[in-house]
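Written out below as structure tokens is the structure these notes cover.
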Number of protein chains: 2
Amino acid sequence: MNKIIVIGREFGSGGRELGKRLAEMMGIAYYDKEIIEKISDKSGMAEEYVNNIIEKNIVNYYPITVCCSFSMLYEFNPNTTIFLAQQDIIRELAEYGDCVIIGRCADYILREYKPFNIFVYADEASRINRCRERAPQDEHLTDAQLKKQIALINKNRRKYYEYYTGQKWGAKENYHLCVNTSNREIQELVPAIMGFIK
Amino acid sequence: MNKIIVIGREFGSGGRELGKRLAEMMGIAYYDKEIIEKISDKSGMAEEYVNNIIEKNIVNYYPITVCCSFSMLYEFNPNTTIFLAQQDIIRELAEYGDCVIIGRCADYILREYKPFNIFVYADEASRINRCRERAPQDEHLTDAQLKKQIALINKNRRKYYEYYTGQKWGAKENYHLCVNTSNREIQELVPAIMGFIK
């Protein structure tokens with residue numbers, strides 16, 4: 001069975017950087033936005049639309065007056081369509097070879113593959129600092145605006161994960177390792193994390 | 001400032017073994033039951049009594065009809081006396097030199113010393129297995145009995161920690177690293193944990 005590492009992460013915690021560096025150090029594939037591209041190819045939906053559904057919107061239920069049966073609801077719901085496409089793609093990637101996958105409920109989708117699950121988190125000040133460091137030069141958000149934006153993205157991630165997995169997002173019981181990146185350089189943490197992976 | 005590592009742990013997760021091995025590998029002091037001995041010396045209470053108060057009993061409030069003022073409650077409560085003695089001893093140990101301290105709210109007591117806080121946990125099956133491996137030969141508990149015993153000890157740890165710190169026991173936000181030891185050999189994990197400690 002391939003070696004699969006799945007990284008759940010709070011927005012602003014450096015989880016993506018951590019995953020990328022870990023994959024580089026281990027010499028294995030890294031999948032993050034590539035999954036969005038593949039969903040777009042498979043479903044014919046634009047990448048931005050797919051990303052918006054996954055990261056910003058959650059579950060657009062159709063009102064009961066529009067959809068009269070479960071099968072219709074299922075068929076018409078773009079969230080479910082995207083989730084199912086995502087599920088197929090994530091399984092294909094896991095079959096293909098060793099890899100690091102960022103978020104997207106991959107810990108749950110791949111549970112039969114026994115992935116090594118990591119959750120990356122940080123305190124609010126560190127999350128704000130990280131977001132500011134990587135923000136485009138023309139973005140001038142106040143700390144309060146940034147704080148609100150981070151909280152909203154994390155709220156959406158939580159809702160998305162909990163809706164599709166029935167598990168609590170970020171609950172340590174669902175992970176092999178939970179890493180607090182507050183005031184830490186991601187680069188420093190990667191060799192130690194590698195040491196945990198069986 | 002001395003290097004202090006504090007380990008919170010679920011009963012049966014191997015947290016004590018982890019702490020001991022970590023201290024050995026780092027070549028620093030290890031404090032666990034030594035704290036109980038010191039509290040006993042300082043307070044004149046028997047070691048077993050002190051241990052029972054900390055691990056089994058929690059907070060014996062005196063009924064309001066017996067204690068009429070907060071100062072009396074404070075004075076008469078052996079739990080508070082023990083907690084205060086424990087607090088002094090833990091601070092003395094932290095002043096004395098680099099060390100690993102197991103449990104006893106040391107993460108909270110030493111917060112000004114900026115310790116590296118680790119929480120060690122495991123799934124129920126692994127906790128039962130670990131307890132069975134280290135049980136005395138003449139102990140013949142069923143899985144159900146062991147499960148009940150483990151749950152009770154963890155409940156008491158949670159209540160003790162939450163009463164004295166006002167923080168949630170085992171909430172990942174209070175720790176730098178949370179390590180799931182399910183189906184893992186503690187020995188294998190220690191070098192990786194060392195890699196995290198600044």
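FYI, nothing fancy with the structure tokens labels: chains A, B, ... in order, residues from 1 per chain, ligands from 1 as they appear.
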Kindly provide, as JSON, numbers by chain, the residues of chain A having any atom no farther than 9 Å from an atom of chain B, counting only C-alpha atoms. {"A": [121, 122, 123, 170, 171, 172, 173, 175, 176, 177, 178, 179, 180, 181, 182, 188, 189, 191, 192, 193, 194, 195, 196]}
Take the residues that were just selected and, keeping N, CA and C atoms, output them as a compact mmCIF listing (two decimals), in the first residue's frame.
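Below you can see selection-v9.txt, which holds the result:
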# COMPACT_ATOMS: atom_id res chain seq x y z
N TYR A 121 -2.06 23.67 13.23
CA TYR A 121 -2.83 24.78 13.78
C TYR A 121 -1.89 25.81 14.37
N ALA A 122 -2.43 26.98 14.69
CA ALA A 122 -1.60 28.04 15.27
C ALA A 122 -2.49 29.01 16.01
N ASP A 123 -1.89 29.82 16.88
CA ASP A 123 -2.71 30.81 17.58
C ASP A 123 -3.05 31.97 16.63
N GLY A 170 -10.41 18.97 13.20
CA GLY A 170 -9.36 19.38 14.14
C GLY A 170 -9.38 18.65 15.47
N ALA A 171 -10.31 17.70 15.67
CA ALA A 171 -10.33 16.94 16.94
C ALA A 171 -9.13 15.99 16.92
N LYS A 172 -8.29 16.09 17.93
CA LYS A 172 -6.99 15.38 17.88
C LYS A 172 -7.14 13.87 17.70
N GLU A 173 -8.26 13.32 18.14
CA GLU A 173 -8.49 11.87 18.03
C GLU A 173 -8.46 11.40 16.57
N TYR A 175 -6.41 12.39 14.29
CA TYR A 175 -5.09 12.61 13.68
C TYR A 175 -4.02 11.84 14.44
N HIS A 176 -2.94 11.53 13.75
CA HIS A 176 -1.80 10.87 14.41
C HIS A 176 -0.93 11.89 15.12
N LEU A 177 -0.96 13.11 14.59
CA LEU A 177 -0.09 14.15 15.13
C LEU A 177 -0.76 15.51 14.91
N CYS A 178 -0.74 16.34 15.97
CA CYS A 178 -1.25 17.70 15.82
C CYS A 178 -0.10 18.65 16.14
N VAL A 179 0.19 19.53 15.19
CA VAL A 179 1.38 20.38 15.31
C VAL A 179 0.98 21.85 15.41
N ASN A 180 1.40 22.47 16.50
CA ASN A 180 1.15 23.90 16.70
C ASN A 180 2.32 24.68 16.11
N THR A 181 2.05 25.47 15.08
CA THR A 181 3.14 26.17 14.38
C THR A 181 3.32 27.61 14.88
N SER A 182 2.64 27.98 15.97
CA SER A 182 2.77 29.36 16.48
C SER A 182 4.23 29.68 16.77
N GLU A 188 11.88 24.33 10.02
CA GLU A 188 12.52 23.65 11.17
C GLU A 188 11.75 22.41 11.60
N LEU A 189 10.42 22.44 11.40
CA LEU A 189 9.56 21.38 11.93
C LEU A 189 9.53 20.13 11.06
N PRO A 191 11.74 18.08 9.39
CA PRO A 191 12.48 16.82 9.66
C PRO A 191 11.90 16.06 10.85
N ALA A 192 11.46 16.76 11.88
CA ALA A 192 10.88 16.09 13.05
C ALA A 192 9.58 15.38 12.66
N ILE A 193 8.76 16.03 11.85
CA ILE A 193 7.49 15.41 11.42
C ILE A 193 7.78 14.14 10.61
N MET A 194 8.80 14.21 9.77
CA MET A 194 9.19 13.03 8.99
C MET A 194 9.51 11.85 9.90
N GLY A 195 10.10 12.16 11.04
CA GLY A 195 10.48 11.12 11.99
C GLY A 195 9.29 10.36 12.58
N PHE A 196 8.12 10.98 12.54
CA PHE A 196 6.92 10.33 13.08
C PHE A 196 6.27 9.36 12.11
Compile the contact shell of region 148-150 of chain A as a ChimeraX atom specification: residues with an atom at most 8 Å away, counting only C-alpha atoms, same-chain residues fewer than 6 positions apart removed. /A:11-12,127-128
Can you write just those residues out, N, CA and C atoms, as a CSV table (one decimal), in the first residue's frame?
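Output contents, as saved in out00.csv:
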chain,number,residue,atom,x,y,z
A,11,PHE,N,-6.5,27.8,8.4
A,11,PHE,CA,-6.0,28.8,7.5
A,11,PHE,C,-5.0,29.7,8.2
A,12,GLY,N,-3.9,29.9,7.6
A,12,GLY,CA,-2.9,30.8,8.3
A,12,GLY,C,-1.9,30.0,9.2
A,127,ARG,N,-1.4,33.3,13.0
A,127,ARG,CA,-2.1,33.1,11.8
A,127,ARG,C,-2.2,34.4,11.0
A,128,ILE,N,-2.5,35.5,11.8
A,128,ILE,CA,-2.5,36.8,11.1
A,128,ILE,C,-1.2,37.2,10.5
Using backbone DSSP assignments, extract all strand (DSSP E) residues from region 100-175 of chain B; output them as a PyMOL selection string. chain B and resi 100-102+116-121
Got time to write the residues from that selection, C-alpha atoms, as a PDB file, in the first residue's frame?
ATOM      1  CA  VAL B 100      10.714  16.842  31.971  1.00  0.00           C
ATOM      2  CA  ILE B 101       7.674  17.058  34.273  1.00  0.00           C
ATOM      3  CA  ILE B 102       4.730  14.687  33.993  1.00  0.00           C
ATOM      4  CA  PHE B 116       7.314  23.012  25.747  1.00  0.00           C
ATOM      5  CA  ASN B 117       3.930  21.363  26.263  1.00  0.00           C
ATOM      6  CA  ILE B 118       3.122  17.944  24.870  1.00  0.00           C
ATOM      7  CA  PHE B 119      -0.142  16.027  25.156  1.00  0.00           C
ATOM      8  CA  VAL B 120      -0.025  12.250  24.689  1.00  0.00           C
ATOM      9  CA  TYR B 121      -3.193  10.323  23.831  1.00  0.00           C
TER      10      TYR B 121
END
Go through region 15-160 of chain A and collect every residue that DSSP, computed from the backbone, puts in alpha helix (DSSP H); the answer should be as a PyMOL selection string. chain A and resi 15-26+33-43+47-51+70-76+78-96+106-109+124-134+143-160
May I have the selected residues written with C-alpha atoms, as a PDB file, in the first residue's frame?
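Generated output (again12.pdb):
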ATOM      1  CA  GLY A  15      -0.080  23.748   6.692  1.00  0.00           C
ATOM      2  CA  ARG A  16       0.331  24.057   2.948  1.00  0.00           C
ATOM      3  CA  GLU A  17       4.009  25.070   3.220  1.00  0.00           C
ATOM      4  CA  LEU A  18       4.537  22.244   5.679  1.00  0.00           C
ATOM      5  CA  GLY A  19       2.985  19.707   3.300  1.00  0.00           C
ATOM      6  CA  LYS A  20       4.990  20.955   0.338  1.00  0.00           C
ATOM      7  CA  ARG A  21       8.279  20.847   2.214  1.00  0.00           C
ATOM      8  CA  LEU A  22       7.468  17.434   3.656  1.00  0.00           C
ATOM      9  CA  ALA A  23       6.732  16.025   0.185  1.00  0.00           C
ATOM     10  CA  GLU A  24       9.972  17.536  -1.155  1.00  0.00           C
ATOM     11  CA  MET A  25      12.019  16.102   1.709  1.00  0.00           C
ATOM     12  CA  MET A  26      10.425  12.665   1.322  1.00  0.00           C
ATOM     13  CA  LYS A  33      -4.588  22.866  -6.037  1.00  0.00           C
ATOM     14  CA  GLU A  34      -3.929  20.094  -8.538  1.00  0.00           C
ATOM     15  CA  ILE A  35      -7.067  18.439  -7.162  1.00  0.00           C
ATOM     16  CA  ILE A  36      -9.161  21.470  -8.090  1.00  0.00           C
ATOM     17  CA  GLU A  37      -7.761  21.394 -11.655  1.00  0.00           C
ATOM     18  CA  LYS A  38      -8.606  17.720 -11.962  1.00  0.00           C
ATOM     19  CA  ILE A  39     -12.152  18.218 -10.638  1.00  0.00           C
ATOM     20  CA  SER A  40     -12.573  21.010 -13.159  1.00  0.00           C
ATOM     21  CA  ASP A  41     -11.368  18.747 -15.995  1.00  0.00           C
ATOM     22  CA  LYS A  42     -13.601  15.888 -14.901  1.00  0.00           C
ATOM     23  CA  SER A  43     -16.772  17.880 -14.229  1.00  0.00           C
ATOM     24  CA  GLU A  47     -11.654  25.918 -11.598  1.00  0.00           C
ATOM     25  CA  GLU A  48     -12.678  29.111  -9.811  1.00  0.00           C
ATOM     26  CA  TYR A  49     -16.236  27.847  -9.425  1.00  0.00           C
ATOM     27  CA  VAL A  50     -15.029  24.521  -8.020  1.00  0.00           C
ATOM     28  CA  ASN A  51     -12.712  26.317  -5.611  1.00  0.00           C
ATOM     29  CA  PHE A  70     -33.744  12.673  -2.551  1.00  0.00           C
ATOM     30  CA  SER A  71     -32.511  11.505  -5.949  1.00  0.00           C
ATOM     31  CA  MET A  72     -33.366  14.859  -7.491  1.00  0.00           C
ATOM     32  CA  LEU A  73     -31.654  16.711  -4.659  1.00  0.00           C
ATOM     33  CA  TYR A  74     -28.598  14.560  -5.163  1.00  0.00           C
ATOM     34  CA  GLU A  75     -28.568  15.100  -8.878  1.00  0.00           C
ATOM     35  CA  PHE A  76     -29.004  18.870  -8.781  1.00  0.00           C
ATOM     36  CA  PRO A  78     -23.262  20.963  -7.387  1.00  0.00           C
ATOM     37  CA  ASN A  79     -21.633  20.547  -3.968  1.00  0.00           C
ATOM     38  CA  THR A  80     -22.331  16.835  -3.968  1.00  0.00           C
ATOM     39  CA  THR A  81     -21.219  16.486  -7.587  1.00  0.00           C
ATOM     40  CA  ILE A  82     -17.959  18.212  -6.754  1.00  0.00           C
ATOM     41  CA  PHE A  83     -17.451  16.159  -3.602  1.00  0.00           C
ATOM     42  CA  LEU A  84     -17.963  12.906  -5.497  1.00  0.00           C
ATOM     43  CA  ALA A  85     -15.567  13.968  -8.261  1.00  0.00           C
ATOM     44  CA  GLN A  86     -13.058  14.976  -5.606  1.00  0.00           C
ATOM     45  CA  GLN A  87     -13.454  11.626  -3.883  1.00  0.00           C
ATOM     46  CA  ASP A  88     -12.712   9.722  -7.118  1.00  0.00           C
ATOM     47  CA  ILE A  89      -9.681  11.868  -7.876  1.00  0.00           C
ATOM     48  CA  ILE A  90      -8.238  11.565  -4.376  1.00  0.00           C
ATOM     49  CA  ARG A  91      -8.586   7.783  -4.539  1.00  0.00           C
ATOM     50  CA  GLU A  92      -6.892   7.706  -7.957  1.00  0.00           C
ATOM     51  CA  LEU A  93      -3.998   9.764  -6.603  1.00  0.00           C
ATOM     52  CA  ALA A  94      -3.639   7.430  -3.600  1.00  0.00           C
ATOM     53  CA  GLU A  95      -3.556   4.439  -5.936  1.00  0.00           C
ATOM     54  CA  TYR A  96      -1.010   6.109  -8.167  1.00  0.00           C
ATOM     55  CA  ALA A 106      -8.754  13.159   2.224  1.00  0.00           C
ATOM     56  CA  ASP A 107      -8.141  11.641   5.684  1.00  0.00           C
ATOM     57  CA  TYR A 108     -11.744  10.426   5.648  1.00  0.00           C
ATOM     58  CA  ILE A 109     -11.954   9.568   1.944  1.00  0.00           C
ATOM     59  CA  GLU A 124      -4.525  33.812  16.137  1.00  0.00           C
ATOM     60  CA  ALA A 125      -1.553  36.199  16.208  1.00  0.00           C
ATOM     61  CA  SER A 126       0.620  33.736  14.288  1.00  0.00           C
ATOM     62  CA  ARG A 127      -2.120  33.110  11.751  1.00  0.00           C
ATOM     63  CA  ILE A 128      -2.523  36.836  11.149  1.00  0.00           C
ATOM     64  CA  ASN A 129       1.259  37.259  10.766  1.00  0.00           C
ATOM     65  CA  ARG A 130       1.544  34.404   8.283  1.00  0.00           C
ATOM     66  CA  CYS A 131      -1.343  35.710   6.196  1.00  0.00           C
ATOM     67  CA  ARG A 132       0.173  39.182   6.140  1.00  0.00           C
ATOM     68  CA  GLU A 133       3.568  37.850   5.048  1.00  0.00           C
ATOM     69  CA  ARG A 134       2.146  36.056   2.047  1.00  0.00           C
ATOM     70  CA  ASP A 143      -5.713  43.216  11.631  1.00  0.00           C
ATOM     71  CA  ALA A 144      -9.432  43.182  12.390  1.00  0.00           C
ATOM     72  CA  GLN A 145     -10.330  42.587   8.724  1.00  0.00           C
ATOM     73  CA  LEU A 146      -7.715  39.853   8.394  1.00  0.00           C
ATOM     74  CA  LYS A 147      -8.902  38.216  11.609  1.00  0.00           C
ATOM     75  CA  LYS A 148     -12.465  38.182  10.283  1.00  0.00           C
ATOM     76  CA  GLN A 149     -11.366  36.744   6.937  1.00  0.00           C
ATOM     77  CA  ILE A 150      -9.325  33.960   8.580  1.00  0.00           C
ATOM     78  CA  ALA A 151     -12.179  33.077  10.941  1.00  0.00           C
ATOM     79  CA  LEU A 152     -14.618  32.858   8.012  1.00  0.00           C
ATOM     80  CA  ILE A 153     -12.373  30.559   5.970  1.00  0.00           C
ATOM     81  CA  ASN A 154     -11.790  28.301   8.974  1.00  0.00           C
ATOM     82  CA  LYS A 155     -15.517  28.238   9.705  1.00  0.00           C
ATOM     83  CA  ASN A 156     -16.176  27.120   6.129  1.00  0.00           C
ATOM     84  CA  ARG A 157     -13.487  24.441   6.306  1.00  0.00           C
ATOM     85  CA  ARG A 158     -14.979  23.150   9.519  1.00  0.00           C
ATOM     86  CA  LYS A 159     -18.512  23.030   8.079  1.00  0.00           C
ATOM     87  CA  TYR A 160     -17.377  21.376   4.859  1.00  0.00           C
TER      88      TYR A 160
END
Between CA of Cys105 (chain B) and CA of Lys3 (chain B) lies a distance of 17.0 Å
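Using only C-alpha atoms for every distance, the candidate list B:Gly27, B:Gly14, B:Gly103, B:Pro115 yields B:Pro115 as the residue closest to Asn2 (chain B).
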